[in-house]
Every structure is written in C-alpha cells, then in structure tokens.
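The structure appears right after this line, and notes come after that.
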Amino acid sequence: MEIAGNEILRAEGVYKSFDGKVNALNGCDLTVKKGEVVAIIGPSGSGKSTMLRCLNLLEVPTAGRILFEGAELTGKHVKIDAYRQRMGMVFQHFNLFPHKTVLQNIMLAPVQLKRKTKEEAKRTALQLLERIGLADKADTYPNMLSGGQKQRIAIVRALAMEPEVMLFDEPTSALDPEMVGEVLDLMRQLATEGMTMVVVTHEMGFAREVADRVIFMDEGKILEENDPDDLFDHPKHPRTQLFLSKVL
Amino acid sequence: MEWNPFEGMSPSSFFNFSFLPKYLSFFVQGVEYTLLLSVVSVAFAVLPALLLALMRLSKWKPVKWFGGAYIAAFRSTPLMVQLYIIYYGLFSVIKVPSYTIFGFIDISRFIPGVVALALNSSAYVAEIIRAGILAVDAGQMEAARSLGLSKVKSMRLVVLPQAIKNILPALANELVTMVKESSICSILGMAELIWGAKTVANTTYKTLSPYVLAAFVYFLINFPASKGIEAIERRMRRGDRR
C-alpha cells in the first residue's frame, strides 16, 4: 500500500449512512501524520463523531477506505481487534467498567490480550495513575469518582495499551465546567510528548492552542482544513465563518 | 334430605383438614417434588437460554432467526401441549428406566418433566437474559472493543458481569412462576404437590380441602419469595445510583 512519508492514518472517500437513509458522512478524506494533533470541529450532527468512530471501525463505513499504517482496515477478513489494540479511544461518557476497580479497568486489556503479565500491567497502571495524581484511587470503583477523574482514568486506560494514535470523541462535553481543565491539561501533556491525536471537540481554545491542524465539518463533509490560526482567524468557507462567528 | 346447592362450599368443606395426619406425607413429598422439579428445570434452562439470547442478538441472520423461532414456538403454545409432545413423542424414543430416587421420585417421569419444563423455561429465560444484556449501556461494549478485546471477550468480561445484576431478580421470578407452572406435570403422574392433593381428594372423597391446602402451600412458598426478590431488587437499585 502507498504510504506518504510519516502518515499513520488515512481515510479515503468515506461515506456512512445509517439504515440506508441518513447520510452521516458524504465522502470524507483525511490524513493524519505521526505525532500530529488534528482537531475536528463543527456543529452538532455534522458527522464529526461518526468520522472519528469510522477510523477504528466502531462504525463501519458504507463506502470508502480506512488505512492505518498503510494497512487497509476496511478490507474483508481484516482482524480489526489487532489494529484497535494500537488505536486508543476516549469517549464522551468515559465508559469506564463500573464493575471493576480503577486498577482493574486499566489492567484488563493489557492482561487479557497478553501484552503484559499481571505484575507488569499492574506496575504500568500504577505509574500511569501516579502520573495523573490518582494513585490513591487504584482500588476504588468508578462510581466514587468525579467526572474529570473518570475521564483522566479512561485516558490512561487507553494509554496502557501503548497505542500509536489516540482518538478522542468529545472528551470534555459531559464534564462540569470546573473539571474540563484537568482533562485538557492531560491531553495537552500527551500532545507535547508527541502522541498522535485526533480530537473531536467543542473546545475551540484547546483546538487552537494544541492542534497542528483543524478540520471543520458540516453535513457529513469536510469543508475546510487548515492551521489553527489560519482557520480561526481567516476562515474561507462561509459555513465555517458562520459557525465560528457563533461559537467564538 | 333437602338439596342445598351450597353444601360443597361450606366452611367445613373448605377447611376440613382431618385427612392430614394420615396423608401428610403426600403434601410433604409433593412440596419436595415440586421444588426439586422447579429448581432443576430452571437451572437446566439457564445455559440454553444464554445461548438463545446470544443467538437473538447475533448479526448472523439464520442464527438470529433460529433463536427467535424457538422462543416464539415455546412462548406461543401451551406448556401442557409441550409436555405431552415431549413425553409421548421424544421420550417414546428415548427410554428412561424406571428408577426411584429419594424414595418417591421416579426418574422415568421426572426426567421428561425436567426436559419439558427446561425447554419451555429456556425460552422465557432467554428473553430475560437478552433484556439484561440490552440494558447494559452500549458504550461498555464499545469501550471494550476499542481496547482491542474481541466480541466474545468483551461480552464475557465486560457486558455479562453487568447484565447479571439485571438478570438475577427476573430469574428468581421465573423460579416462582415455575413452582406454580410445574403443577401441570401432575397430569403425567409426577408426584408433585398437585398430584398429592388430587390423590388425597380421590382417596378421601374430600374434593375441596386438599386443593385449598395445596393453594396455601404454594402461597407460603411464593409470596415470601416474591417479597424477598423485591427487597433485593430495591437494594440493588439503591446501590446503582452513580
């Protein structure tokens, strides 16, 4: 397969319709380079979450291709689980496993998928918790945590698999305002460390400050894509101008 | 003597339990038979029910169809008919030797009874399990899959452990239902509670009070059981608020 330079993810002509009716995506092309932070912005229902979920095939595109490190994920007989192990995902509603402790949440996948022994997984998990200042919560259950704590743990749960790329689906949208900062801080750290990230977000400040590139989507199409400063200061597409005039 | 249309309805015929000292064993063994039959049947129903539930949730059309067809067939026909078909059909081919366990349970009748009740119950339990699985937030499956866990592992490690909390109370209710429904097995001579009552009625010519006693016994088992299940459900719901 063709890989241009240090490209890690590529979507080609992706269409997605639900029940053959609603067109959530109408032909989207997207490339992500290694170490790049790409923010996807746009109004609700514009298809940005669907786009993100197509990248690890949580949604299967109706048409089009997804390539990860040159391998086509949308092909027939692809063992998607193996690729997903290297693509972390963070959800709007955290989706921590409520029947497991924080530590068990983080250890589950690395141990079950034989990436690490139990001891190694535990050590890594505790290091990750240490890093986000929640080591003392290792043995508590998710229902005892605040939203911001839950989301930071969901992030390190994904990091425990040592992914090549992290997908964030509106990671701060379900949080109380005072907890948004701690989650964004952690994401900012990851970006500084060179993690490849695709972030669907409503946090324009974050997108502008952290992203290397911002994509504007509406009605299932990528309408504009540019450096953050250019896109926010000089939006070209009238739809982008209208959207930014309302949210900024 | 003057004819009295309400003669059979007098309190004395309702509550005349003078047969008890002599025939108590019919009721005691009847309860034991009923409980054993119900518990064993529901227990054997769980595994096929889990399979049926997963079939119904499958994306694979023929499998999904088979699960749905089985459940529809067993839920839309009377248990009595199923019992007859299984006893006179299936078990005329499979011969179970006549052998008595615990002194009063003849396995040549007990086993066909369990098979019929379990097959019937598995259709209902399958729907209980399916509802329990569907009640688990879809994000749980997605989170597990996004970490690279297979569908089977995600189901086993993440979804099912959470679904059990929804399933157990409904399963206990199914057991309560089964304690009552298993009375149908008396028509094939299984010595459960109703068979005991019927035998006592036929022997003593007291046509009412043995059944009244049986009703009391069923009530004394099922009412506290239902209340207990309700209390446990309430407790679980309280622990659920997160």
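By order in the structure tokens, chains are A, B, ...; within a chain, residues start at 1; ligands start at 1, following the order shown.
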Could you give me, as a Markdown table, every chain B residue with an atom at most 8 Å from chain A, plus its closest atom pair and distance in Å to one decimal, counting only C-alpha atoms, rows ordered by chain then number?
```
| residue | atom | partner | partner_atom | distance |
| --- | --- | --- | --- | --- |
| B:Gly139 | CA | A:Asn95 | CA | 5.7 |
| B:Gln140 | CA | A:Asn95 | CA | 5.7 |
| B:Glu142 | CA | A:Leu58 | CA | 7.1 |
| B:Ala143 | CA | A:Asn95 | CA | 6.1 |
| B:Ala144 | CA | A:Ala109 | CA | 8.0 |
| B:Arg145 | CA | A:Asp81 | CA | 7.3 |
| B:Ser146 | CA | A:Arg84 | CA | 5.8 |
| B:Leu147 | CA | A:Gln85 | CA | 5.4 |
| B:Gly148 | CA | A:Gln85 | CA | 4.4 |
| B:Leu149 | CA | A:Asp81 | CA | 6.3 |
| B:Ser150 | CA | A:Asp81 | CA | 6.2 |
| B:Val158 | CA | A:Phe97 | CA | 6.9 |
| B:Pro161 | CA | A:His99 | CA | 7.5 |
| B:Gln162 | CA | A:His99 | CA | 6.8 |
| B:Arg242 | CA | A:Asn143 | CA | 5.1 |
```
If we count only C-alpha atoms and set the cut-off at 9 Å, which residues sit around stretch 222-227 of chain B, ignoring sequence neighbours fewer than 2 positions away in its own chain? Please answer as a list in words.
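Once the adjacent positions are removed, what remains is Ala172, Asn173, Val176, Thr177, Val179, Lys180, Val217, Tyr218, Phe219, Leu220, Ile229, Glu230, Ala231 and Ile232 of chain B.
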Output file for the selection above: N, CA, C and O atoms, as a PDB file, in the first residue's frame:
```pdb
ATOM      1  N   ALA B 172     -35.090 -15.165  39.391  1.00  0.00           N
ATOM      2  CA  ALA B 172     -35.747 -15.635  40.612  1.00  0.00           C
ATOM      3  C   ALA B 172     -37.260 -15.611  40.435  1.00  0.00           C
ATOM      4  O   ALA B 172     -37.963 -16.520  40.882  1.00  0.00           O
ATOM      5  N   ASN B 173     -37.769 -14.594  39.764  1.00  0.00           N
ATOM      6  CA  ASN B 173     -39.203 -14.544  39.482  1.00  0.00           C
ATOM      7  C   ASN B 173     -39.637 -15.693  38.573  1.00  0.00           C
ATOM      8  O   ASN B 173     -40.726 -16.228  38.721  1.00  0.00           O
ATOM      9  N   VAL B 176     -40.222 -18.628  40.693  1.00  0.00           N
ATOM     10  CA  VAL B 176     -41.534 -18.546  41.352  1.00  0.00           C
ATOM     11  C   VAL B 176     -42.632 -19.008  40.389  1.00  0.00           C
ATOM     12  O   VAL B 176     -43.515 -19.793  40.743  1.00  0.00           O
ATOM     13  N   THR B 177     -42.538 -18.521  39.146  1.00  0.00           N
ATOM     14  CA  THR B 177     -43.508 -18.938  38.133  1.00  0.00           C
ATOM     15  C   THR B 177     -43.444 -20.449  37.927  1.00  0.00           C
ATOM     16  O   THR B 177     -44.473 -21.127  37.832  1.00  0.00           O
ATOM     17  N   VAL B 179     -42.528 -22.780  39.971  1.00  0.00           N
ATOM     18  CA  VAL B 179     -43.104 -23.531  41.089  1.00  0.00           C
ATOM     19  C   VAL B 179     -44.599 -23.731  40.846  1.00  0.00           C
ATOM     20  O   VAL B 179     -45.154 -24.803  41.077  1.00  0.00           O
ATOM     21  N   LYS B 180     -45.255 -22.705  40.304  1.00  0.00           N
ATOM     22  CA  LYS B 180     -46.686 -22.813  40.012  1.00  0.00           C
ATOM     23  C   LYS B 180     -46.938 -23.629  38.740  1.00  0.00           C
ATOM     24  O   LYS B 180     -47.773 -24.527  38.713  1.00  0.00           O
ATOM     25  N   VAL B 217     -50.034 -23.887  50.520  1.00  0.00           N
ATOM     26  CA  VAL B 217     -48.614 -24.239  50.467  1.00  0.00           C
ATOM     27  C   VAL B 217     -47.905 -23.458  49.354  1.00  0.00           C
ATOM     28  O   VAL B 217     -46.845 -22.867  49.569  1.00  0.00           O
ATOM     29  N   TYR B 218     -48.520 -23.420  48.162  1.00  0.00           N
ATOM     30  CA  TYR B 218     -47.935 -22.628  47.070  1.00  0.00           C
ATOM     31  C   TYR B 218     -47.742 -21.181  47.493  1.00  0.00           C
ATOM     32  O   TYR B 218     -46.705 -20.567  47.267  1.00  0.00           O
ATOM     33  N   PHE B 219     -48.786 -20.641  48.147  1.00  0.00           N
ATOM     34  CA  PHE B 219     -48.725 -19.237  48.569  1.00  0.00           C
ATOM     35  C   PHE B 219     -47.594 -19.022  49.567  1.00  0.00           C
ATOM     36  O   PHE B 219     -46.849 -18.055  49.475  1.00  0.00           O
ATOM     37  N   LEU B 220     -47.486 -19.957  50.510  1.00  0.00           N
ATOM     38  CA  LEU B 220     -46.466 -19.801  51.551  1.00  0.00           C
ATOM     39  C   LEU B 220     -45.055 -19.892  50.982  1.00  0.00           C
ATOM     40  O   LEU B 220     -44.105 -19.367  51.558  1.00  0.00           O
ATOM     41  N   ILE B 229     -37.429 -11.179  46.758  1.00  0.00           N
ATOM     42  CA  ILE B 229     -36.821 -10.738  45.500  1.00  0.00           C
ATOM     43  C   ILE B 229     -36.993  -9.230  45.332  1.00  0.00           C
ATOM     44  O   ILE B 229     -36.061  -8.514  44.967  1.00  0.00           O
ATOM     45  N   GLU B 230     -38.204  -8.749  45.635  1.00  0.00           N
ATOM     46  CA  GLU B 230     -38.464  -7.303  45.540  1.00  0.00           C
ATOM     47  C   GLU B 230     -37.491  -6.512  46.404  1.00  0.00           C
ATOM     48  O   GLU B 230     -36.943  -5.500  45.984  1.00  0.00           O
ATOM     49  N   ALA B 231     -37.312  -7.008  47.654  1.00  0.00           N
ATOM     50  CA  ALA B 231     -36.428  -6.300  48.586  1.00  0.00           C
ATOM     51  C   ALA B 231     -35.006  -6.264  48.044  1.00  0.00           C
ATOM     52  O   ALA B 231     -34.341  -5.218  48.088  1.00  0.00           O
ATOM     53  N   ILE B 232     -34.553  -7.398  47.502  1.00  0.00           N
ATOM     54  CA  ILE B 232     -33.187  -7.452  46.967  1.00  0.00           C
ATOM     55  C   ILE B 232     -33.062  -6.504  45.775  1.00  0.00           C
ATOM     56  O   ILE B 232     -32.076  -5.769  45.644  1.00  0.00           O
TER      57      ILE B 232
END
```
Using only C-alpha atoms, which protein or nucleic acid residues come within 10 Å of A:Glu193? Drop anything in the same chain fewer than 5 positions from it, and give the result as a PyMOL selection string.
chain A and resi 35+187-188
With only C-alpha atoms as the atoms that count, which of B:Leu171, B:Cys185, B:Ile164, B:Ile101 lies nearest to B:Gly113?
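With only C-alpha atoms as the atom set, the closest residue is B:Cys185.
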Near stretch 30-35 of chain B, counting only C-alpha atoms, which residues have an atom at most 8 Å away, once you skip same-chain residues fewer than 2 positions from it, shown as a list of chain:residue names?
B:Ser25, B:Phe26, B:Phe27, B:Val28, B:Leu37, B:Ser38, B:Val39, B:Ile105, B:Val179, B:Ser182, B:Ser183, B:Ala191, B:Glu192, B:Leu193, B:Ile194, B:Trp195, B:Gly196, B:Val217
Could you please write out, as a count of residues only, every residue of stretch 40-211 of chain B that DSSP assigns to alpha helix (DSSP H)?
121
With only C-alpha atoms as the counted atoms, please give the residues lying no more than 6 Å from stretch 66-73 of chain B, apart from itself and same-chain residues fewer than 3 positions off, as a PDB file with all heavy atoms, in the first residue's frame.
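Just written: around_3.pdb:
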```pdb
ATOM      1  N   LEU B  52     -29.561 -19.015  23.461  1.00  0.00           N
ATOM      2  CA  LEU B  52     -30.661 -18.455  22.666  1.00  0.00           C
ATOM      3  C   LEU B  52     -30.613 -16.934  22.654  1.00  0.00           C
ATOM      4  O   LEU B  52     -30.826 -16.302  21.616  1.00  0.00           O
ATOM      5  CB  LEU B  52     -32.008 -18.914  23.230  1.00  0.00           C
ATOM      6  CG  LEU B  52     -32.414 -20.361  22.928  1.00  0.00           C
ATOM      7  CD1 LEU B  52     -33.568 -20.774  23.822  1.00  0.00           C
ATOM      8  CD2 LEU B  52     -32.812 -20.509  21.462  1.00  0.00           C
ATOM      9  N   MET B  55     -27.954 -15.845  20.425  1.00  0.00           N
ATOM     10  CA  MET B  55     -28.387 -16.065  19.042  1.00  0.00           C
ATOM     11  C   MET B  55     -29.287 -14.931  18.574  1.00  0.00           C
ATOM     12  O   MET B  55     -29.135 -14.414  17.476  1.00  0.00           O
ATOM     13  CB  MET B  55     -29.151 -17.397  18.931  1.00  0.00           C
ATOM     14  CG  MET B  55     -28.266 -18.621  19.027  1.00  0.00           C
ATOM     15  SD  MET B  55     -29.247 -20.127  19.139  1.00  0.00           S
ATOM     16  CE  MET B  55     -29.163 -20.666  17.448  1.00  0.00           C
ATOM     17  N   ARG B  56     -30.218 -14.550  19.448  1.00  0.00           N
ATOM     18  CA  ARG B  56     -31.132 -13.474  19.057  1.00  0.00           C
ATOM     19  C   ARG B  56     -30.402 -12.158  18.867  1.00  0.00           C
ATOM     20  O   ARG B  56     -30.845 -11.297  18.126  1.00  0.00           O
ATOM     21  CB  ARG B  56     -32.230 -13.296  20.117  1.00  0.00           C
ATOM     22  CG  ARG B  56     -33.368 -14.260  19.933  1.00  0.00           C
ATOM     23  CD  ARG B  56     -34.672 -13.651  20.382  1.00  0.00           C
ATOM     24  NE  ARG B  56     -35.111 -12.575  19.527  1.00  0.00           N
ATOM     25  CZ  ARG B  56     -36.197 -11.865  19.739  1.00  0.00           C
ATOM     26  NH1 ARG B  56     -36.955 -12.122  20.775  1.00  0.00           N
ATOM     27  NH2 ARG B  56     -36.552 -10.896  18.931  1.00  0.00           N
ATOM     28  N   VAL B  63     -28.925 -17.642  12.363  1.00  0.00           N
ATOM     29  CA  VAL B  63     -28.791 -17.893  13.801  1.00  0.00           C
ATOM     30  C   VAL B  63     -29.815 -17.074  14.574  1.00  0.00           C
ATOM     31  O   VAL B  63     -30.525 -17.571  15.453  1.00  0.00           O
ATOM     32  CB  VAL B  63     -27.353 -17.535  14.262  1.00  0.00           C
ATOM     33  CG1 VAL B  63     -27.265 -17.494  15.772  1.00  0.00           C
ATOM     34  CG2 VAL B  63     -26.355 -18.530  13.696  1.00  0.00           C
ATOM     35  N   SER B  76     -45.620 -19.408  22.534  1.00  0.00           N
ATOM     36  CA  SER B  76     -46.941 -19.241  21.926  1.00  0.00           C
ATOM     37  C   SER B  76     -47.794 -20.499  21.979  1.00  0.00           C
ATOM     38  O   SER B  76     -48.898 -20.513  21.462  1.00  0.00           O
ATOM     39  CB  SER B  76     -46.799 -18.800  20.463  1.00  0.00           C
ATOM     40  OG  SER B  76     -45.887 -17.740  20.373  1.00  0.00           O
ATOM     41  N   ALA B 123     -36.961 -20.564  26.893  1.00  0.00           N
ATOM     42  CA  ALA B 123     -37.477 -19.520  26.007  1.00  0.00           C
ATOM     43  C   ALA B 123     -37.733 -18.233  26.791  1.00  0.00           C
ATOM     44  O   ALA B 123     -37.413 -17.138  26.328  1.00  0.00           O
ATOM     45  CB  ALA B 123     -38.761 -19.983  25.328  1.00  0.00           C
TER      46      ALA B 123
END
```
Can you list, as a ChimeraX atom specification, every protein, DNA or RNA residue that comes within 12 Å of A:Pro235 when you count only C-alpha atoms, leaving out same-chain residues fewer than 3 positions away?
/A:214-216,223-232,238-245
